[in-house]
Amino acid sequence: MPKDEFPAVIFRVRPDSPIPIYEQIVAQVTFGIASGGLEVGALIPSVRELAQRLLVHPNTVARAFQELERQGVVAARRGRGMEVTPEAPAACRNLRQEIVRGRIREALREAVSSSLPPEEVRQLVEEELAKANGERRRKTI
């Protein structure tokens with residue numbers, strides 16, 4: 001894929017999610033870079049273009065881009081748009097762990113507060129992980 005072409009498949013927002021849309025965008029860019037799907041130098045679509053693709057308000061996308069820029073993941077390049085920085089892969093691998101760990105922690109808090117026994121929690125986690133891995137394999141086939 002040319003460095004100036006951004007994969008459209010990376011962005012899928014869920015308006016019904018408890019996670020704000022701008023955070024979903026930040027996480028998806030972060031995960032894309034951490035996994036190697038987005039390389040250093042890749043250009044990210046403009047605020048207007050991404051907002052149209054996702055059917056969200058441009059301010060939402062702008063907020064996500066500001067957060068990514070604050071984290072050093074992307075940088076504005078005059079006349080080119082937002083570009084993945086050389087520091088992004090290492091930063092995104094760390095951010096990916098923080099994001100996933102936080103979401104797991106929240107789910108475990110809910111499980112504990114609902115008095116689910118640890119064995120049931122482990123079983124649920126294993127079942128959901130197996131489902132997620134199955135879905136992931138189907139998408140790559």
# chains A, B, ... in the order shown; residues from 1 in each chain; ligands from 1

call {"tool": "residues_around", "arguments": {"residues": "range 28-34 of chain A", "least_positions_apart": "4", "cutoff": "9 Å", "atoms": "only C-alpha atoms", "output": "PDB file with N, CA and C atoms, in the first residue's frame"}}
result
ATOM      1  N   ILE A  10      -9.947   0.259   8.565  1.00  0.00           N
ATOM      2  CA  ILE A  10      -9.546   0.403   9.962  1.00  0.00           C
ATOM      3  C   ILE A  10     -10.606   1.106  10.801  1.00  0.00           C
ATOM      4  N   PHE A  11     -11.424   1.941  10.182  1.00  0.00           N
ATOM      5  CA  PHE A  11     -12.377   2.728  10.940  1.00  0.00           C
ATOM      6  C   PHE A  11     -13.769   2.128  10.916  1.00  0.00           C
ATOM      7  N   ARG A  12     -14.242   1.777  12.085  1.00  0.00           N
ATOM      8  CA  ARG A  12     -15.609   1.311  12.258  1.00  0.00           C
ATOM      9  C   ARG A  12     -16.063   1.781  13.623  1.00  0.00           C
ATOM     10  N   GLU A  23     -12.766   8.508  21.130  1.00  0.00           N
ATOM     11  CA  GLU A  23     -11.873   7.516  21.733  1.00  0.00           C
ATOM     12  C   GLU A  23     -11.805   6.259  20.869  1.00  0.00           C
ATOM     13  N   GLN A  24     -12.911   5.893  20.227  1.00  0.00           N
ATOM     14  CA  GLN A  24     -12.900   4.754  19.312  1.00  0.00           C
ATOM     15  C   GLN A  24     -11.941   5.017  18.147  1.00  0.00           C
ATOM     16  N   LEU A  38      -0.508   0.164   9.877  1.00  0.00           N
ATOM     17  CA  LEU A  38      -0.211   1.541   9.462  1.00  0.00           C
ATOM     18  C   LEU A  38       1.269   1.788   9.695  1.00  0.00           C
ATOM     19  N   GLU A  39       1.960   2.145   8.656  1.00  0.00           N
ATOM     20  CA  GLU A  39       3.400   2.331   8.751  1.00  0.00           C
ATOM     21  C   GLU A  39       3.763   3.780   9.016  1.00  0.00           C
ATOM     22  N   VAL A  40       4.983   3.969   9.462  1.00  0.00           N
ATOM     23  CA  VAL A  40       5.523   5.313   9.637  1.00  0.00           C
ATOM     24  C   VAL A  40       5.420   6.039   8.296  1.00  0.00           C
ATOM     25  N   LEU A  68      -4.346  12.247  19.223  1.00  0.00           N
ATOM     26  CA  LEU A  68      -3.266  11.474  18.601  1.00  0.00           C
ATOM     27  C   LEU A  68      -2.013  12.328  18.418  1.00  0.00           C
ATOM     28  N   VAL A  73       1.655  10.463  18.120  1.00  0.00           N
ATOM     29  CA  VAL A  73       1.383   9.374  17.175  1.00  0.00           C
ATOM     30  C   VAL A  73       1.314   9.893  15.747  1.00  0.00           C
ATOM     31  N   VAL A  84       1.764   9.546  10.188  1.00  0.00           N
ATOM     32  CA  VAL A  84       2.218   8.693  11.292  1.00  0.00           C
ATOM     33  C   VAL A  84       3.692   8.995  11.548  1.00  0.00           C
ATOM     34  N   ALA A  88       5.713   6.610  16.572  1.00  0.00           N
ATOM     35  CA  ALA A  88       4.377   6.050  16.767  1.00  0.00           C
ATOM     36  C   ALA A  88       4.335   4.549  17.054  1.00  0.00           C
ATOM     37  N   PRO A  89       5.070   3.692  16.318  1.00  0.00           N
ATOM     38  CA  PRO A  89       4.919   2.252  16.576  1.00  0.00           C
ATOM     39  C   PRO A  89       5.187   1.851  18.028  1.00  0.00           C
ATOM     40  N   ALA A  90       6.278   2.333  18.605  1.00  0.00           N
ATOM     41  CA  ALA A  90       6.586   1.979  19.997  1.00  0.00           C
ATOM     42  C   ALA A  90       5.544   2.575  20.943  1.00  0.00           C
ATOM     43  N   ALA A  91       5.185   3.832  20.702  1.00  0.00           N
ATOM     44  CA  ALA A  91       4.189   4.476  21.561  1.00  0.00           C
ATOM     45  C   ALA A  91       2.854   3.755  21.476  1.00  0.00           C
ATOM     46  N   CYS A  92       2.470   3.340  20.275  1.00  0.00           N
ATOM     47  CA  CYS A  92       1.165   2.695  20.091  1.00  0.00           C
ATOM     48  C   CYS A  92       1.116   1.294  20.695  1.00  0.00           C
ATOM     49  N   ARG A  93       2.233   0.597  20.681  1.00  0.00           N
ATOM     50  CA  ARG A  93       2.232  -0.720  21.340  1.00  0.00           C
ATOM     51  C   ARG A  93       1.962  -0.550  22.832  1.00  0.00           C
ATOM     52  N   ASN A  94       2.556   0.483  23.447  1.00  0.00           N
ATOM     53  CA  ASN A  94       2.304   0.761  24.867  1.00  0.00           C
ATOM     54  C   ASN A  94       0.872   1.235  25.091  1.00  0.00           C
ATOM     55  N   LEU A  95       0.397   2.143  24.244  1.00  0.00           N
ATOM     56  CA  LEU A  95      -0.969   2.649  24.371  1.00  0.00           C
ATOM     57  C   LEU A  95      -1.992   1.541  24.193  1.00  0.00           C
ATOM     58  N   ARG A  96      -1.731   0.638  23.243  1.00  0.00           N
ATOM     59  CA  ARG A  96      -2.652  -0.477  23.009  1.00  0.00           C
ATOM     60  C   ARG A  96      -2.824  -1.288  24.289  1.00  0.00           C
TER      61      ARG A  96
END

call {"tool": "select_by_dssp", "arguments": {"residues": "range 8-126 of chain A", "states": "strand (DSSP E)", "output": "JSON, numbers by chain"}}
result
{"A": [43, 44, 74, 75, 76, 77, 81, 82, 83, 84]}

call {"tool": "select_by_dssp", "arguments": {"residues": "range 17-114 of chain A", "states": "helix (DSSP H, G or I)", "output": "PyMOL selection string"}}
result
chain A and resi 21-34+47-54+58-70+88-113

call {"tool": "write_last_selection", "arguments": {"atoms": "C-alpha atoms", "output": "PDB file, in the first residue's frame"}}
result
ATOM      1  CA  ILE A  21     -16.589   8.010  19.264  1.00  0.00           C
ATOM      2  CA  TYR A  22     -13.432  10.117  19.396  1.00  0.00           C
ATOM      3  CA  GLU A  23     -11.873   7.516  21.733  1.00  0.00           C
ATOM      4  CA  GLN A  24     -12.900   4.754  19.312  1.00  0.00           C
ATOM      5  CA  ILE A  25     -11.075   6.593  16.513  1.00  0.00           C
ATOM      6  CA  VAL A  26      -7.979   7.106  18.680  1.00  0.00           C
ATOM      7  CA  ALA A  27      -7.983   3.424  19.660  1.00  0.00           C
ATOM      8  CA  GLN A  28      -8.395   2.224  16.069  1.00  0.00           C
ATOM      9  CA  VAL A  29      -5.513   4.347  14.801  1.00  0.00           C
ATOM     10  CA  THR A  30      -3.420   3.232  17.779  1.00  0.00           C
ATOM     11  CA  PHE A  31      -4.213  -0.446  17.180  1.00  0.00           C
ATOM     12  CA  GLY A  32      -3.562  -0.080  13.447  1.00  0.00           C
ATOM     13  CA  ILE A  33      -0.113   1.341  14.068  1.00  0.00           C
ATOM     14  CA  ALA A  34       0.708  -1.102  16.890  1.00  0.00           C
ATOM     15  CA  VAL A  47     -10.969  15.585   9.296  1.00  0.00           C
ATOM     16  CA  ARG A  48     -13.657  16.303   6.712  1.00  0.00           C
ATOM     17  CA  GLU A  49     -13.054  13.085   4.741  1.00  0.00           C
ATOM     18  CA  LEU A  50     -13.044  10.835   7.802  1.00  0.00           C
ATOM     19  CA  ALA A  51     -16.101  12.549   9.286  1.00  0.00           C
ATOM     20  CA  GLN A  52     -17.975  11.888   6.026  1.00  0.00           C
ATOM     21  CA  ARG A  53     -16.836   8.239   5.919  1.00  0.00           C
ATOM     22  CA  LEU A  54     -17.912   7.618   9.508  1.00  0.00           C
ATOM     23  CA  PRO A  58     -16.046  16.835  12.088  1.00  0.00           C
ATOM     24  CA  ASN A  59     -15.368  18.149  15.617  1.00  0.00           C
ATOM     25  CA  THR A  60     -15.380  14.536  16.850  1.00  0.00           C
ATOM     26  CA  VAL A  61     -12.704  13.567  14.346  1.00  0.00           C
ATOM     27  CA  ALA A  62     -10.733  16.745  15.074  1.00  0.00           C
ATOM     28  CA  ARG A  63     -10.762  15.894  18.786  1.00  0.00           C
ATOM     29  CA  ALA A  64      -9.411  12.396  18.020  1.00  0.00           C
ATOM     30  CA  PHE A  65      -6.668  13.832  15.806  1.00  0.00           C
ATOM     31  CA  GLN A  66      -5.717  16.372  18.481  1.00  0.00           C
ATOM     32  CA  GLU A  67      -5.366  13.553  21.010  1.00  0.00           C
ATOM     33  CA  LEU A  68      -3.266  11.474  18.601  1.00  0.00           C
ATOM     34  CA  GLU A  69      -1.067  14.488  17.914  1.00  0.00           C
ATOM     35  CA  ARG A  70      -0.725  15.197  21.651  1.00  0.00           C
ATOM     36  CA  ALA A  88       4.377   6.050  16.767  1.00  0.00           C
ATOM     37  CA  PRO A  89       4.919   2.252  16.576  1.00  0.00           C
ATOM     38  CA  ALA A  90       6.586   1.979  19.997  1.00  0.00           C
ATOM     39  CA  ALA A  91       4.189   4.476  21.561  1.00  0.00           C
ATOM     40  CA  CYS A  92       1.165   2.695  20.091  1.00  0.00           C
ATOM     41  CA  ARG A  93       2.232  -0.720  21.340  1.00  0.00           C
ATOM     42  CA  ASN A  94       2.304   0.761  24.867  1.00  0.00           C
ATOM     43  CA  LEU A  95      -0.969   2.649  24.371  1.00  0.00           C
ATOM     44  CA  ARG A  96      -2.652  -0.477  23.009  1.00  0.00           C
ATOM     45  CA  GLN A  97      -1.815  -2.340  26.218  1.00  0.00           C
ATOM     46  CA  GLU A  98      -3.087   0.532  28.366  1.00  0.00           C
ATOM     47  CA  ILE A  99      -6.366   0.752  26.440  1.00  0.00           C
ATOM     48  CA  VAL A 100      -7.032  -2.989  26.497  1.00  0.00           C
ATOM     49  CA  ARG A 101      -5.961  -3.338  30.121  1.00  0.00           C
ATOM     50  CA  GLY A 102      -8.338  -0.535  31.146  1.00  0.00           C
ATOM     51  CA  ARG A 103     -11.263  -2.123  29.345  1.00  0.00           C
ATOM     52  CA  ILE A 104     -10.509  -5.540  30.861  1.00  0.00           C
ATOM     53  CA  ARG A 105     -10.195  -3.954  34.305  1.00  0.00           C
ATOM     54  CA  GLU A 106     -13.615  -2.314  33.934  1.00  0.00           C
ATOM     55  CA  ALA A 107     -15.233  -5.574  32.814  1.00  0.00           C
ATOM     56  CA  LEU A 108     -13.658  -7.425  35.745  1.00  0.00           C
ATOM     57  CA  ARG A 109     -14.926  -4.786  38.187  1.00  0.00           C
ATOM     58  CA  GLU A 110     -18.434  -5.355  36.871  1.00  0.00           C
ATOM     59  CA  ALA A 111     -18.035  -9.124  37.158  1.00  0.00           C
ATOM     60  CA  VAL A 112     -16.786  -8.873  40.738  1.00  0.00           C
ATOM     61  CA  SER A 113     -19.501  -6.406  41.753  1.00  0.00           C
TER      62      SER A 113
END
